[in-house]
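Each remark here refers to the structure printed beneath this line.
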Amino acid sequence: MHLRLHPLTAAVLSASTLTLSLSGHASADDMSTLVISEDRLEQNVVISAEEIDQRQAGDLEDLFRAEPGVSVGGGIAIGQKVYVRGLEDTNLNVTIDGARQGGYLFHHTGRLTIDPALLKQAEVDKGPATADDGPGALGGSLRFETKDAQDLLKPGQDLGARVSVGTESAADATSGTTAFYGRLGENLGLMGYVSGRNSDDYEVGGGGEQEQTAGQQRGYLLKMSLLDVNDQDLRISAERTTDQGTYFTRPHMPSFSSQQPTYQEMERETFTINHAWHPGNDLIDTKTTLYHTTQELDRVEAGSTSRSSEFGADVRNTFRLKTGDVAHALTTGVDFYDQDTRRSDDAGSSGPNNEDTSRNLGVYAQNRMTLGPWALSVGARLDDYDSDYGEAGSVSGSEVSPNAILSVDATDNLTLHAGYGEAIRGAKAREVILIGDEVAIAQGLEPEKARQREIGLDWHQKDALMEGDRLGFALTGFHTDIENYQAYDRRSDPALLYNLDGEVESRGYEASLNWGVGGYDTRLGYAKVVMKNNEGNPLGDEMNIGASTGDKWTWDHQYRLPNHNVTLGYTLNAVERLERVAEGDEEKPGYVTHDIRAQWTPASYQDLTLTLAVNNVFDKRYSDHSSFLLSSGDSMLEPGRDIRLGASYSF
């Protein structure tokens, strides 16, 4: 085991020690409750349940449709992968209700099976990783939070139900959900939720069908939420999602020469316990998460099963205190996970190394400080990791990852911010479907290490163009590089797990301009992402790493008419032609799509909500730039014009 101390880490730890020593005379008894907003330091994207419902979101692509810095490729749900600033979701820390989703079953399928209708919110953290963001956040974090019974109950209601139905024209799909929820006493909420969707092969823009995309998805959630009892919250949930159908062996590569349709079942089960204790004491604000997640891919006809099982926990406390005029929110904690991955087939073990295990223990501290217009967040985490590859041996070590983020309110309307963060991933199980190969580990295998840099500004003004309006502008530049990326060479004999030379790079900038008045809001977004592989050449689309996309524009409009209970919306997505391609690759063609949506609650039927959404209004034929093989001119086409109708009724 080896421990490395970065110079910035030493500075961070020294600063933390100094602030703690300065706080020696501070106590909870003589301080008022301190509230430190993280929004000034961490610019996250949050998608609400209201927006998810209005867009009739059925998968990950629908969920992130209006975010220029996030793209989703792969066409159908089982093949979809999320890319944040060009980096694939395998390089993100992804959690559902705090439960880490670390399974990586097959590089030709997605790894995130999520029912958007279950979500209270989805959050994308693209900036430098903080110490309490969790392990392995090389390219950022995705955090999904499911609804509580209390979110669905109306004021004064103790028992309720919600039924919804929907149709989608492109895939001739039907869907439905049923939820029962209630309150026992003042604080205990119980909820049961079931959803289903059946679809045929979907039609692509301009006519024709994308073969082997028909499938059936199911979602189930049982959740107990005991809130505000003796200053404590307790949530216990069990969730199960399934996706099954006769898909291509490689679902996101429809024209691959050796493709064969095969019946497949993708399943995820997640069990979580979340506890929070927040008494009227500035030195106590604890959060504890325990979870177990299982992800499984069954190729039923081939008799092959790939499975990932993970147990983990996170325990943290935030101390709120003052040293002079400086307010602190110091979060310290410990997180842990133990992941077991294995592959089997009907003939028994698939090889001499049919099981991998990976473990990570993290200890972290993050101090968020404010002084007048200044805000500074500094922290570091220590990750102790171990990966066991069966007969091939194991890899272990320890690494420290520091971070620092600074922001200042230069004026009442302008905030400047800059940050630097590091993240490492040492405990990395192999892609499960490859487990079983005879494998060797390269001597001196190093953990993957990301360095994330960001600088930007945010400006906002009320009464800017007219009385009562709101105007805002944001600009952010970013640069992330990942060194020691761990690759797996199956062509070697035996297969070899080794570090790539050089660095994988993601750099660029994002900008947004928003304006609103009354019930109308509009937002123009732009993202330019330049991806380079470890040899310094333009990255096309490399599985497990990322994908290059053309400059992306989004223009979203929303108009609320509260007197009529109507919400109208329109979203434009424009992706420019990608000309920065490697020698021998084809340029990726640009495209423009238009989406409209409307939602209405009749005045005489307040429990009924009707929704209309039309995606790709002009039936554009295109492939998302994040879809695999587009750089070679052959990729998964996206659905054409898709008219979605939905109705929900609450009892």
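Following the order of the structure tokens, chains are lettered A, B, ..., residues in each are numbered from 1, and ligands are numbered from 1.
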
Query raised in the report: Which residues come within 7 Å of Tyr202 in chain A, counting only C-alpha atoms, excluding same-chain residues fewer than 6 positions away, as a PyMOL selection string?
Result: chain A and resi 170-171+209-210+213+639

Could those selected residues go to a file with C-alpha atoms, as a short mmCIF file (atom, residue, chain, number, x, y, z; two decimals), in the first residue's frame?
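Wrote it out as out02.cif, contents follow:
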```cif
data_model
loop_
_atom_site.label_atom_id
_atom_site.label_comp_id
_atom_site.auth_asym_id
_atom_site.auth_seq_id
_atom_site.Cartn_x
_atom_site.Cartn_y
_atom_site.Cartn_z
CA ALA A 170 -42.98 6.49 -33.02
CA ALA A 171 -42.74 3.13 -31.26
CA GLU A 209 -38.06 1.15 -38.71
CA GLN A 210 -35.08 0.62 -36.45
CA THR A 213 -35.89 -2.09 -30.68
CA PRO A 639 -36.88 8.07 -33.43
#
```

Query raised in the report: range 135-149 of chain A: which residues within 7 Å, counting only C-alpha atoms, same-chain residues fewer than 6 positions away excluded, as a list of chain:residue names?
Result: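 Within the cut-off, the hits are A:Leu87, A:Asn91, A:Leu92, A:Asn93, A:Val94, A:Thr95, A:Ile96, A:Asp97, A:Leu118, A:Leu119, A:Lys120, A:Gln121, A:Ala122, A:Glu123, A:Val124, A:Asp125, A:Lys126, A:Gly127, A:Ala129, A:Tyr181, A:Gly182, A:Gly189, A:Leu190, A:Met191, A:Ser225, A:Ala423, A:Ile424, A:Arg425, A:Ala450.
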
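Using only C-alpha atoms, the shortest contact distance between Thr567 in chain A and any of A:Ser394, A:Thr601, A:Asn187, A:Asn281 is found at A:Thr601.
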
Query raised in the report: What lies within 10 Å of Arg580 in chain A using only C-alpha atoms, ignoring chain neighbours under 2 positions off, as a list in words?
Result: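 Counting only C-alpha atoms, the residues come to Val530, Met531, Lys532, Asn537, Pro538, Leu539, Gly540, Ser548, Thr549, Gly550, Arg577, Leu578, Ala582, Glu583, Asp585, Glu586, Glu587 and Lys588 of chain A.
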
Query raised in the report: Between A:Ile273, A:Val400, A:Leu416, A:Val300, which is the closest to Pro373 in chain A once you count only C-alpha atoms?
Result: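 Of all the options, A:Leu416 lies closest to Pro373 in chain A.
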
Requested in this report: Find the distance between CA of Gln339 in chain A and CA of Arg307 in chain A and write it in Å to one decimal.
Outcome: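 Straight-line distance from CA of Gln339 in chain A to CA of Arg307 in chain A works out to 10.5 Å.
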
Requested in this report: Excluding Thr476 in chain A and any residue of its chain fewer than 4 positions from it, enumerate the residues within 8 Å of it, using only C-alpha atoms, and give them as a list in words.
Outcome: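 The contact residues come out as Glu454, Ile455, Gly456, Leu457, Tyr509, Glu510 and Ala511 of chain A.
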
With N, CA and C atoms retained, export the selected residues as a CSV table (one decimal), in the first residue's frame.
```
chain,number,residue,atom,x,y,z
A,454,GLU,N,-12.0,24.5,-13.7
A,454,GLU,CA,-13.2,25.2,-14.2
A,454,GLU,C,-13.0,26.7,-13.8
A,455,ILE,N,-13.5,27.6,-14.6
A,455,ILE,CA,-13.5,29.0,-14.3
A,455,ILE,C,-14.8,29.6,-15.0
A,456,GLY,N,-15.4,30.5,-14.4
A,456,GLY,CA,-16.6,31.1,-15.0
A,456,GLY,C,-17.2,32.3,-14.3
A,457,LEU,N,-18.3,32.7,-14.8
A,457,LEU,CA,-19.1,33.8,-14.2
A,457,LEU,C,-20.6,33.6,-14.4
A,509,TYR,N,-16.2,25.0,-23.3
A,509,TYR,CA,-16.9,25.9,-22.5
A,509,TYR,C,-18.4,25.8,-22.7
A,510,GLU,N,-19.1,26.3,-21.8
A,510,GLU,CA,-20.6,26.3,-21.8
A,510,GLU,C,-21.1,27.7,-21.6
A,511,ALA,N,-22.2,28.1,-22.2
A,511,ALA,CA,-22.8,29.4,-22.0
A,511,ALA,C,-24.3,29.3,-22.0
```

Query - Nearest residue to Gly390 in chain A from the set A:Gln264, A:Thr286, A:Thr331, A:Asn354 (distances using only C-alpha atoms) - result: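 Answer, going by the shortest atom-to-atom distance: A:Asn354.
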